[in-house]
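Visitor: One structure coming up, written as structure tokens, with questions to follow.
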Amino acid sequence: MSMIAAFYGGKSILITGATGFMGKVLMEKLFRTSPDLKVIYILVRTKAGQTTQQRVFQILNSKLFEKVKEVCPNVHEKIRAIYADLNQNDFAISKEDMQELLSCTNIIFHCAATVRFDDPLRHAVQLNVTATQQLLLMASQMPKLEAFIHISTAFSNCNLKHIDEVIYPCPVEPKKIIDSMEWLDDAIIDEITPKLIGDRPNTYTYTKALGEMVVQQESGNLNIAIIRPSIVGATWQEPFPGWVDNLNGPSGLIIAAGKGFLRSIRATPMAVADLIPVDTVVNLTLAVGWYTAVHRPKSTLIYHCTSGNFNPCNWGKMGFQVLATFEKVPFERAFRRPNADFTTNTITSQYWNAVSHRAPAIIYDFYLRLTGRKPRMTKLMNRLLRTVSMLEYFVNRSWEWSTYNTEMLMSELSPEDQRVFNFDVRQLNWLEYIENYVLGVKKYLLKEDMAGIPEAKQHLRRLRNIHYLFNTALFLIAWRLLIARSQMARNVWFFIVSFCYKFLSYFRASSTLKV
Ligand SMILES: CCCCCCCCCCCCCCCC(=O)SCCNC(=O)CCNC(=O)[C@H](O)C(C)(C)COP(=O)(O)OP(=O)(O)OC[C@H]1O[C@@H](n2cnc3c(N)ncnc32)[C@H](O)[C@@H]1OP(=O)(O)O
Ligand SMILES: NC(=O)C1=CN([C@@H]2O[C@H](COP(=O)(O)OP(=O)(O)OC[C@H]3O[C@@H](n4cnc5c(N)ncnc54)[C@H](OP(=O)(O)O)[C@@H]3O)[C@@H](O)[C@H]2O)C=CC1
């Protein structure tokens, strides 16, 4: 029997961000391995016209939870959705719900955050800093609380090359940042944001670093641990390979490349692609929750959940494998044949953006206008290029994260726990993982049926023929224009024609001689 699974039996667990990518997998794993847990409280807001109950119902009836229904048929009774909005200082939680949370919670997993790179600083501070502070205040009033697990990111200190499992102080105290957000107007905040984030690339990484400082400063007597995952990708093994449900990180770019929109990205092929499967992150998170509660370390331990130290992959290998998978499992209705190159400098990147991205979008929009349809490709391409420009920071650098605490934890696990809560990425086969990832994007993000693969391949063959025809026509037009303007070109053309004529007449003569 797994000691970790047994530990969560009978426990009341609070998860923030449970409706997110990582939160769903965390909930699923808990219900599947510890079906005798007492209750999972989840803070859920209404979204896209759905009530909290409707959102929970949709999650529990999704493919991700298929196995849970077998081992925990009464899962609906064990999940308690509490309306909350982390944008509000008191989370807008009702008095009754707050009373129940404060008196019953044993473990907190704080996953909620805004992961957008371009969020205005005010919004990112509210969600990634102030909300963390508010949750810590709630935790300090929970008499039964055994552990508080905070999910940060391995990129919270991406301005450093080597990152240890310690908290690095930010130049300005989080409390001052929080207070200034209350009285500065948006225009001033936008103006000072670049100065505040300094050499970090965006408000996301900056506010995650501030969030860690808040955890350190306001932990009081709480028993806390921090987990820093790198680039979280689709599931590796559990509950099944390739599951993913949002466009963040590689997923969106895999779609853009598979649909033929993205043809080049400024990336360093040999840079480490530090991806970590979401089920690996969740296994580590649950192991950390158990270890923190049972062993009660003297200080807040930080665990790096990264792959580069154990089983490095690089962007060149990843890109190659993604494209190779498209050959076998193409996406449907592609705009062009998938083909994405890595450019290593800004000039070539700008050239390919003009030639491979903007020009085809303009031509296609012109075609849409001619056929009486609304042009949309240029707008989509501009948004995609903006997205790519924000992700490029992470594909042109490599980082080294120390993993002492993560390795220590692995050694503390029994063989059974190492099997059930496996976070040993040394066992990960990257080619297999990336292939399953692309398959998962097709099935779970694009909702495309595998039966449509022959038609998708046929469509790509048509696109290839159109591509050849287009290039041939372009060449002939260019050659015709050149001949009309250049004597040299005409001479070359006549030389080629006469050479071919002589070769053909010699060939014909020699073949009649044989008879
Ligand atoms: C063969 C090559 C493979 C190689 C593969 C390389 C992968 C290299 C990944 C590095 C990744 C590092 C990640 C650090 C690790 C964290 O800790 S970060 C945590 C996760 N956060 C993220 O990944 C970034 C989250 N996304 C964002 O911040 C915003 O999407 C962006 C990037 C600022 C763009 O914002 P926006 O312009 O408002 O765009 P947004 O509304 O989000 O989406 C616009 C459209 O693009 C789509 N979209 C959204 N996100 C994406 C995306 N990531 N990609 C594409 N389309 C997207 C949306 O569906 C949307 O379409 P519509 O809904 O309009 O039809
Ligand atoms: N994805 C990645 O690559 C990485 C993620 N991380 C960290 O992991 C954690 C989870 O990330 P991930 O699952 O990918 O993120 P998602 O964007 O998928 O999920 C974010 C969660 O936070 C919730 N949330 C956001 N704003 C509010 C709000 N105002 N009120 C209530 N809930 C809110 C969302 O709820 P709703 O569904 O209502 O929007 C959602 O459940 C984050 O802390 C992130 O920083 C770390 C490294 C990498």
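How things are named: the first chain in the structure tokens is A, the next is B, and so on; residues count from 1 in each chain; ligands count from 1 in the order shown.
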At a cut-off of 7 Å around ligand 2, and using only C-alpha atoms and all ligand atoms, what residues come up? Please write them as a PyMOL selection string.
Guide: chain A and resi 16-23+43-47+84-87+111-115+127+151-154+208+228-233+246+248-249
Visitor: What are the closest atom pairs, with distances in Å to one decimal, for each residue of range 20-104 of chain A lying within 12 Å of range 440-451 of chain A, using only C-alpha atoms, rows by chain and rising residue number, as JSON lines?
Guide:
```
{"residue": "A:Ser62", "atom": "CA", "partner": "A:Tyr444", "partner_atom": "CA", "distance": 10.4}
{"residue": "A:Lys63", "atom": "CA", "partner": "A:Tyr444", "partner_atom": "CA", "distance": 9.0}
{"residue": "A:Leu64", "atom": "CA", "partner": "A:Tyr444", "partner_atom": "CA", "distance": 9.9}
```
Visitor: Neighbouring residues of Leu121 in chain A were defined as those with any atom within 9 Å, considering only C-alpha atoms; residues of the same chain fewer than 3 positions away were excluded. Please report them as a list in words.
Guide: Asp118, Ala124, Val125, Gln126, Met181, Asp186, Ile189, Asp190, Thr193, Thr203, Tyr204 and Thr207 of chain A
Visitor: Around ligand 1, at most 7 Å away and counting only C-alpha atoms and all ligand atoms, which residues are there? Put them as an mmCIF file with all heavy atoms, in the first residue's frame, please.
Guide:
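What follows is the written file selection-v5.cif:
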```
data_model
loop_
_atom_site.group_PDB
_atom_site.id
_atom_site.type_symbol
_atom_site.label_atom_id
_atom_site.label_comp_id
_atom_site.auth_asym_id
_atom_site.auth_seq_id
_atom_site.Cartn_x
_atom_site.Cartn_y
_atom_site.Cartn_z
ATOM 1 N N VAL A 115 -1.602 32.962 -15.678
ATOM 2 C CA VAL A 115 -0.369 32.516 -16.338
ATOM 3 C C VAL A 115 -0.123 33.282 -17.626
ATOM 4 O O VAL A 115 0.785 32.968 -18.386
ATOM 5 C CB VAL A 115 -0.408 31.004 -16.643
ATOM 6 C CG1 VAL A 115 -0.524 30.200 -15.355
ATOM 7 C CG2 VAL A 115 -1.510 30.660 -17.622
ATOM 8 N N ARG A 116 -0.941 34.327 -17.833
ATOM 9 C CA ARG A 116 -0.740 35.108 -19.050
ATOM 10 C C ARG A 116 0.525 35.937 -18.936
ATOM 11 O O ARG A 116 0.830 36.487 -17.882
ATOM 12 C CB ARG A 116 -1.933 36.030 -19.315
ATOM 13 C CG ARG A 116 -3.188 35.306 -19.760
ATOM 14 C CD ARG A 116 -4.260 36.330 -20.071
ATOM 15 N NE ARG A 116 -3.849 37.142 -21.217
ATOM 16 C CZ ARG A 116 -4.193 36.862 -22.476
ATOM 17 N NH1 ARG A 116 -4.949 35.812 -22.736
ATOM 18 N NH2 ARG A 116 -3.787 37.613 -23.470
ATOM 19 N N PHE A 117 1.262 36.047 -20.060
ATOM 20 C CA PHE A 117 2.497 36.817 -20.041
ATOM 21 C C PHE A 117 2.223 38.312 -20.153
ATOM 22 O O PHE A 117 3.057 39.121 -19.796
ATOM 23 C CB PHE A 117 3.400 36.392 -21.209
ATOM 24 C CG PHE A 117 3.970 35.020 -21.049
ATOM 25 C CD1 PHE A 117 4.434 34.323 -22.153
ATOM 26 C CD2 PHE A 117 4.036 34.400 -19.816
ATOM 27 C CE1 PHE A 117 4.988 33.048 -22.024
ATOM 28 C CE2 PHE A 117 4.576 33.138 -19.668
ATOM 29 C CZ PHE A 117 5.044 32.466 -20.780
ATOM 30 N N ASP A 118 1.050 38.631 -20.696
ATOM 31 C CA ASP A 118 0.849 40.062 -21.007
ATOM 32 C C ASP A 118 -0.195 40.700 -20.110
ATOM 33 O O ASP A 118 -0.752 41.734 -20.436
ATOM 34 C CB ASP A 118 0.400 40.201 -22.465
ATOM 35 C CG ASP A 118 -0.982 39.598 -22.667
ATOM 36 O OD1 ASP A 118 -1.382 38.759 -21.832
ATOM 37 O OD2 ASP A 118 -1.650 39.972 -23.634
ATOM 38 N N THR A 153 6.659 28.859 -10.273
ATOM 39 C CA THR A 153 7.169 28.420 -11.569
ATOM 40 C C THR A 153 8.686 28.436 -11.538
ATOM 41 O O THR A 153 9.288 29.259 -10.855
ATOM 42 C CB THR A 153 6.667 29.312 -12.729
ATOM 43 O OG1 THR A 153 7.332 28.949 -13.948
ATOM 44 C CG2 THR A 153 6.950 30.791 -12.466
ATOM 45 N N ALA A 154 9.295 27.532 -12.266
ATOM 46 C CA ALA A 154 10.761 27.490 -12.327
ATOM 47 C C ALA A 154 11.296 28.750 -12.983
ATOM 48 O O ALA A 154 12.481 29.064 -12.871
ATOM 49 C CB ALA A 154 11.205 26.259 -13.124
ATOM 50 N N PHE A 155 10.433 29.520 -13.637
ATOM 51 C CA PHE A 155 10.880 30.725 -14.335
ATOM 52 C C PHE A 155 10.690 31.990 -13.505
ATOM 53 O O PHE A 155 10.828 33.095 -13.996
ATOM 54 C CB PHE A 155 10.140 30.839 -15.682
ATOM 55 C CG PHE A 155 10.456 29.703 -16.602
ATOM 56 C CD1 PHE A 155 9.586 28.626 -16.708
ATOM 57 C CD2 PHE A 155 11.638 29.663 -17.318
ATOM 58 C CE1 PHE A 155 9.869 27.554 -17.532
ATOM 59 C CE2 PHE A 155 11.946 28.586 -18.142
ATOM 60 C CZ PHE A 155 11.056 27.527 -18.245
ATOM 61 N N SER A 230 8.663 23.621 -14.530
ATOM 62 C CA SER A 230 9.179 24.387 -15.675
ATOM 63 C C SER A 230 8.048 24.528 -16.692
ATOM 64 O O SER A 230 7.000 25.063 -16.379
ATOM 65 C CB SER A 230 10.403 23.684 -16.271
ATOM 66 O OG SER A 230 10.141 22.313 -16.500
ATOM 67 N N ILE A 231 8.198 24.015 -17.926
ATOM 68 C CA ILE A 231 7.132 24.170 -18.927
ATOM 69 C C ILE A 231 6.236 22.933 -18.847
ATOM 70 O O ILE A 231 6.663 21.832 -19.214
ATOM 71 C CB ILE A 231 7.732 24.294 -20.336
ATOM 72 C CG1 ILE A 231 8.660 25.511 -20.388
ATOM 73 C CG2 ILE A 231 6.644 24.410 -21.402
ATOM 74 C CD1 ILE A 231 9.495 25.609 -21.646
ATOM 75 N N VAL A 232 5.050 23.111 -18.340
ATOM 76 C CA VAL A 232 4.174 21.959 -18.077
ATOM 77 C C VAL A 232 3.460 21.538 -19.363
ATOM 78 O O VAL A 232 2.779 22.347 -20.006
ATOM 79 C CB VAL A 232 3.152 22.290 -16.984
ATOM 80 C CG1 VAL A 232 2.265 21.085 -16.701
ATOM 81 C CG2 VAL A 232 3.872 22.726 -15.706
ATOM 82 N N LEU A 247 -4.073 25.989 -24.356
ATOM 83 C CA LEU A 247 -3.143 26.366 -25.431
ATOM 84 C C LEU A 247 -1.839 26.912 -24.891
ATOM 85 O O LEU A 247 -1.003 27.388 -25.652
ATOM 86 C CB LEU A 247 -3.797 27.409 -26.319
ATOM 87 C CG LEU A 247 -4.947 26.907 -27.176
ATOM 88 C CD1 LEU A 247 -5.736 28.054 -27.723
ATOM 89 C CD2 LEU A 247 -4.434 26.037 -28.294
ATOM 90 N N ASN A 248 -1.667 26.851 -23.579
ATOM 91 C CA ASN A 248 -0.463 27.458 -23.022
ATOM 92 C C ASN A 248 0.783 26.689 -23.431
ATOM 93 O O ASN A 248 0.707 25.540 -23.868
ATOM 94 C CB ASN A 248 -0.569 27.497 -21.498
ATOM 95 C CG ASN A 248 -1.590 28.542 -21.071
ATOM 96 O OD1 ASN A 248 -1.881 29.466 -21.827
ATOM 97 N ND2 ASN A 248 -2.152 28.384 -19.908
ATOM 98 N N GLY A 249 1.924 27.369 -23.284
ATOM 99 C CA GLY A 249 3.198 26.694 -23.542
ATOM 100 C C GLY A 249 3.252 26.124 -24.946
ATOM 101 O O GLY A 249 2.817 26.772 -25.896
ATOM 102 N N PRO A 250 3.770 24.898 -25.085
ATOM 103 C CA PRO A 250 3.972 24.308 -26.417
ATOM 104 C C PRO A 250 2.672 24.010 -27.145
ATOM 105 O O PRO A 250 2.631 23.998 -28.369
ATOM 106 C CB PRO A 250 4.707 23.011 -26.105
ATOM 107 C CG PRO A 250 5.189 23.136 -24.718
ATOM 108 C CD PRO A 250 4.259 24.067 -24.024
ATOM 109 N N SER A 251 1.588 23.743 -26.394
ATOM 110 C CA SER A 251 0.351 23.243 -27.024
ATOM 111 C C SER A 251 -0.153 24.153 -28.130
ATOM 112 O O SER A 251 -0.457 23.696 -29.231
ATOM 113 C CB SER A 251 -0.730 23.061 -25.956
ATOM 114 O OG SER A 251 -0.187 22.355 -24.857
ATOM 115 N N GLY A 252 -0.210 25.443 -27.851
ATOM 116 C CA GLY A 252 -0.717 26.382 -28.857
ATOM 117 C C GLY A 252 0.167 26.411 -30.085
ATOM 118 O O GLY A 252 -0.308 26.440 -31.223
ATOM 119 N N LEU A 253 1.470 26.351 -29.849
ATOM 120 C CA LEU A 253 2.396 26.419 -30.993
ATOM 121 C C LEU A 253 2.360 25.134 -31.810
ATOM 122 O O LEU A 253 2.564 25.139 -33.024
ATOM 123 C CB LEU A 253 3.819 26.706 -30.512
ATOM 124 C CG LEU A 253 4.041 28.094 -29.908
ATOM 125 C CD1 LEU A 253 5.530 28.381 -29.784
ATOM 126 C CD2 LEU A 253 3.370 29.182 -30.721
ATOM 127 N N ILE A 254 2.090 24.016 -31.146
ATOM 128 C CA ILE A 254 1.978 22.740 -31.879
ATOM 129 C C ILE A 254 0.782 22.814 -32.826
ATOM 130 O O ILE A 254 0.859 22.421 -33.993
ATOM 131 C CB ILE A 254 1.857 21.558 -30.897
ATOM 132 C CG1 ILE A 254 3.209 21.306 -30.228
ATOM 133 C CG2 ILE A 254 1.366 20.298 -31.607
ATOM 134 C CD1 ILE A 254 3.170 20.309 -29.085
ATOM 135 N N ILE A 255 -0.325 23.414 -32.329
ATOM 136 C CA ILE A 255 -1.494 23.586 -33.203
ATOM 137 C C ILE A 255 -1.139 24.512 -34.368
ATOM 138 O O ILE A 255 -1.383 24.210 -35.530
ATOM 139 C CB ILE A 255 -2.681 24.167 -32.421
ATOM 140 C CG1 ILE A 255 -3.207 23.135 -31.426
ATOM 141 C CG2 ILE A 255 -3.795 24.613 -33.368
ATOM 142 C CD1 ILE A 255 -4.338 23.642 -30.555
ATOM 143 N N ALA A 256 -0.493 25.630 -34.036
ATOM 144 C CA ALA A 256 -0.168 26.620 -35.073
ATOM 145 C C ALA A 256 0.734 26.007 -36.133
ATOM 146 O O ALA A 256 0.577 26.257 -37.327
ATOM 147 C CB ALA A 256 0.507 27.830 -34.427
ATOM 148 N N ALA A 257 1.669 25.157 -35.705
ATOM 149 C CA ALA A 257 2.576 24.509 -36.677
ATOM 150 C C ALA A 257 1.841 23.420 -37.454
ATOM 151 O O ALA A 257 1.978 23.304 -38.669
ATOM 152 C CB ALA A 257 3.771 23.915 -35.936
ATOM 153 N N TRP A 315 15.256 21.987 -28.137
ATOM 154 C CA TRP A 315 14.157 22.455 -28.988
ATOM 155 C C TRP A 315 14.283 21.896 -30.397
ATOM 156 O O TRP A 315 13.285 21.617 -31.057
ATOM 157 C CB TRP A 315 14.111 23.980 -29.004
ATOM 158 C CG TRP A 315 13.668 24.572 -27.715
ATOM 159 C CD1 TRP A 315 14.395 25.358 -26.867
ATOM 160 C CD2 TRP A 315 12.397 24.385 -27.079
ATOM 161 N NE1 TRP A 315 13.660 25.694 -25.755
ATOM 162 C CE2 TRP A 315 12.417 25.102 -25.860
ATOM 163 C CE3 TRP A 315 11.231 23.698 -27.414
ATOM 164 C CZ2 TRP A 315 11.348 25.136 -24.991
ATOM 165 C CZ3 TRP A 315 10.144 23.740 -26.550
ATOM 166 C CH2 TRP A 315 10.221 24.450 -25.348
ATOM 167 N N MET A 318 12.880 18.443 -30.272
ATOM 168 C CA MET A 318 11.422 18.502 -30.063
ATOM 169 C C MET A 318 10.734 18.912 -31.360
ATOM 170 O O MET A 318 9.783 18.277 -31.819
ATOM 171 C CB MET A 318 11.093 19.490 -28.960
ATOM 172 C CG MET A 318 9.625 19.883 -28.982
ATOM 173 S SD MET A 318 9.099 20.612 -27.475
ATOM 174 C CE MET A 318 9.080 19.202 -26.482
ATOM 175 N N GLY A 319 11.257 19.987 -31.985
ATOM 176 C CA GLY A 319 10.642 20.464 -33.229
ATOM 177 C C GLY A 319 10.655 19.391 -34.296
ATOM 178 O O GLY A 319 9.652 19.157 -34.980
ATOM 179 N N VAL A 322 8.062 16.749 -33.481
ATOM 180 C CA VAL A 322 6.697 17.256 -33.681
ATOM 181 C C VAL A 322 6.354 17.188 -35.162
ATOM 182 O O VAL A 322 5.304 16.675 -35.560
ATOM 183 C CB VAL A 322 6.568 18.698 -33.145
ATOM 184 C CG1 VAL A 322 5.290 19.364 -33.643
ATOM 185 C CG2 VAL A 322 6.602 18.717 -31.618
ATOM 186 N N LEU A 323 7.291 17.633 -36.025
ATOM 187 C CA LEU A 323 7.038 17.618 -37.472
ATOM 188 C C LEU A 323 6.928 16.196 -37.995
ATOM 189 O O LEU A 323 6.085 15.879 -38.844
ATOM 190 C CB LEU A 323 8.142 18.383 -38.202
ATOM 191 C CG LEU A 323 8.184 19.894 -37.944
ATOM 192 C CD1 LEU A 323 9.413 20.519 -38.587
ATOM 193 C CD2 LEU A 323 6.907 20.571 -38.437
ATOM 194 N N ALA A 340 8.044 23.764 -39.963
ATOM 195 C CA ALA A 340 8.483 24.887 -39.117
ATOM 196 C C ALA A 340 9.992 24.833 -38.956
ATOM 197 O O ALA A 340 10.545 23.823 -38.524
ATOM 198 C CB ALA A 340 7.804 24.805 -37.755
ATOM 199 N N ARG A 383 -1.872 37.916 -34.321
ATOM 200 C CA ARG A 383 -1.992 37.471 -32.913
ATOM 201 C C ARG A 383 -1.039 36.318 -32.641
ATOM 202 O O ARG A 383 -0.410 36.238 -31.603
ATOM 203 C CB ARG A 383 -3.431 37.035 -32.611
ATOM 204 C CG ARG A 383 -4.372 38.217 -32.557
ATOM 205 C CD ARG A 383 -5.727 37.819 -32.056
ATOM 206 N NE ARG A 383 -5.744 37.786 -30.593
ATOM 207 C CZ ARG A 383 -6.900 37.750 -29.906
ATOM 208 N NH1 ARG A 383 -8.042 37.693 -30.543
ATOM 209 N NH2 ARG A 383 -6.882 37.733 -28.591
ATOM 210 N N LEU A 384 -0.928 35.442 -33.641
ATOM 211 C CA LEU A 384 -0.025 34.293 -33.450
ATOM 212 C C LEU A 384 1.410 34.782 -33.325
ATOM 213 O O LEU A 384 2.152 34.349 -32.437
ATOM 214 C CB LEU A 384 -0.167 33.321 -34.623
ATOM 215 C CG LEU A 384 0.825 32.157 -34.617
ATOM 216 C CD1 LEU A 384 0.631 31.283 -33.387
ATOM 217 C CD2 LEU A 384 0.699 31.326 -35.884
ATOM 218 N N ARG A 386 2.416 37.594 -32.296
ATOM 219 C CA ARG A 386 2.579 38.263 -30.991
ATOM 220 C C ARG A 386 2.794 37.211 -29.911
ATOM 221 O O ARG A 386 3.651 37.345 -29.040
ATOM 222 C CB ARG A 386 1.324 39.083 -30.706
ATOM 223 C CG ARG A 386 1.365 39.812 -29.358
ATOM 224 C CD ARG A 386 0.183 40.752 -29.208
ATOM 225 N NE ARG A 386 0.142 41.287 -27.860
ATOM 226 C CZ ARG A 386 -0.477 40.672 -26.832
ATOM 227 N NH1 ARG A 386 -1.100 39.524 -27.037
ATOM 228 N NH2 ARG A 386 -0.451 41.215 -25.628
ATOM 229 N N THR A 387 2.005 36.122 -29.996
ATOM 230 C CA THR A 387 2.160 35.012 -29.032
ATOM 231 C C THR A 387 3.557 34.439 -29.127
ATOM 232 O O THR A 387 4.243 34.260 -28.122
ATOM 233 C CB THR A 387 1.120 33.920 -29.349
ATOM 234 O OG1 THR A 387 -0.184 34.456 -29.148
ATOM 235 C CG2 THR A 387 1.318 32.706 -28.483
ATOM 236 N N VAL A 388 4.002 34.169 -30.354
ATOM 237 C CA VAL A 388 5.329 33.577 -30.567
ATOM 238 C C VAL A 388 6.405 34.506 -30.020
ATOM 239 O O VAL A 388 7.331 34.063 -29.343
ATOM 240 C CB VAL A 388 5.558 33.288 -32.067
ATOM 241 C CG1 VAL A 388 7.015 32.923 -32.339
ATOM 242 C CG2 VAL A 388 4.643 32.165 -32.534
ATOM 243 N N MET A 390 6.294 36.369 -27.571
ATOM 244 C CA MET A 390 6.339 36.309 -26.101
ATOM 245 C C MET A 390 6.920 34.994 -25.597
ATOM 246 O O MET A 390 7.453 34.906 -24.510
ATOM 247 C CB MET A 390 4.937 36.499 -25.545
ATOM 248 C CG MET A 390 4.451 37.900 -25.740
ATOM 249 S SD MET A 390 3.011 38.162 -24.776
ATOM 250 C CE MET A 390 2.769 39.879 -25.115
ATOM 251 N N LEU A 391 6.779 33.956 -26.403
ATOM 252 C CA LEU A 391 7.306 32.650 -25.983
ATOM 253 C C LEU A 391 8.768 32.502 -26.368
ATOM 254 O O LEU A 391 9.484 31.658 -25.826
ATOM 255 C CB LEU A 391 6.477 31.528 -26.622
ATOM 256 C CG LEU A 391 4.987 31.477 -26.230
ATOM 257 C CD1 LEU A 391 4.289 30.356 -26.986
ATOM 258 C CD2 LEU A 391 4.821 31.270 -24.741
ATOM 259 N N GLU A 392 9.242 33.353 -27.320
ATOM 260 C CA GLU A 392 10.603 33.198 -27.829
ATOM 261 C C GLU A 392 11.658 33.336 -26.732
ATOM 262 O O GLU A 392 12.704 32.698 -26.785
ATOM 263 C CB GLU A 392 10.874 34.196 -28.967
ATOM 264 C CG GLU A 392 10.301 33.724 -30.299
ATOM 265 C CD GLU A 392 10.487 34.742 -31.408
ATOM 266 O OE1 GLU A 392 10.850 35.910 -31.121
ATOM 267 O OE2 GLU A 392 10.245 34.378 -32.571
ATOM 268 N N PHE A 394 11.733 32.035 -23.991
ATOM 269 C CA PHE A 394 11.953 30.757 -23.311
ATOM 270 C C PHE A 394 12.558 29.689 -24.210
ATOM 271 O O PHE A 394 12.953 28.633 -23.742
ATOM 272 C CB PHE A 394 10.619 30.260 -22.736
ATOM 273 C CG PHE A 394 10.037 31.191 -21.724
ATOM 274 C CD1 PHE A 394 9.102 32.140 -22.104
ATOM 275 C CD2 PHE A 394 10.466 31.164 -20.404
ATOM 276 C CE1 PHE A 394 8.580 33.025 -21.179
ATOM 277 C CE2 PHE A 394 9.943 32.050 -19.473
ATOM 278 C CZ PHE A 394 9.008 32.987 -19.860
ATOM 279 N N VAL A 395 12.598 29.948 -25.520
ATOM 280 C CA VAL A 395 13.157 28.923 -26.419
ATOM 281 C C VAL A 395 14.521 29.332 -26.953
ATOM 282 O O VAL A 395 15.077 28.690 -27.837
ATOM 283 C CB VAL A 395 12.195 28.619 -27.590
ATOM 284 C CG1 VAL A 395 10.928 27.974 -27.074
ATOM 285 C CG2 VAL A 395 11.851 29.869 -28.387
#
```
Visitor: Can you check which residues of range 129-339 of chain A DSSP gives as helix (DSSP H, G or I) on the backbone and send them as a VMD selection string?
Guide: chain A and resid 129 to 139 154 to 157 174 to 183 186 to 197 203 to 217 250 to 258 278 to 295 315 to 328
Visitor: Can you tell me, as a ChimeraX atom specification, what residues are no more than 9 Å from Arg296 in chain A when counting only C-alpha atoms, ignoring any on the same chain fewer than 6 positions away?
Guide: /A:146-147,223-224
Visitor: Restricted to C-alpha atoms, what would the selected residues look like written as a CSV table (one decimal), in the first residue's frame?
Guide:
```csv
chain,number,residue,atom,x,y,z
A,146,GLU,CA,-1.1,20.2,8.2
A,147,ALA,CA,0.6,21.6,5.1
A,223,ASN,CA,4.1,24.3,7.4
A,224,ILE,CA,4.8,25.4,3.8
```
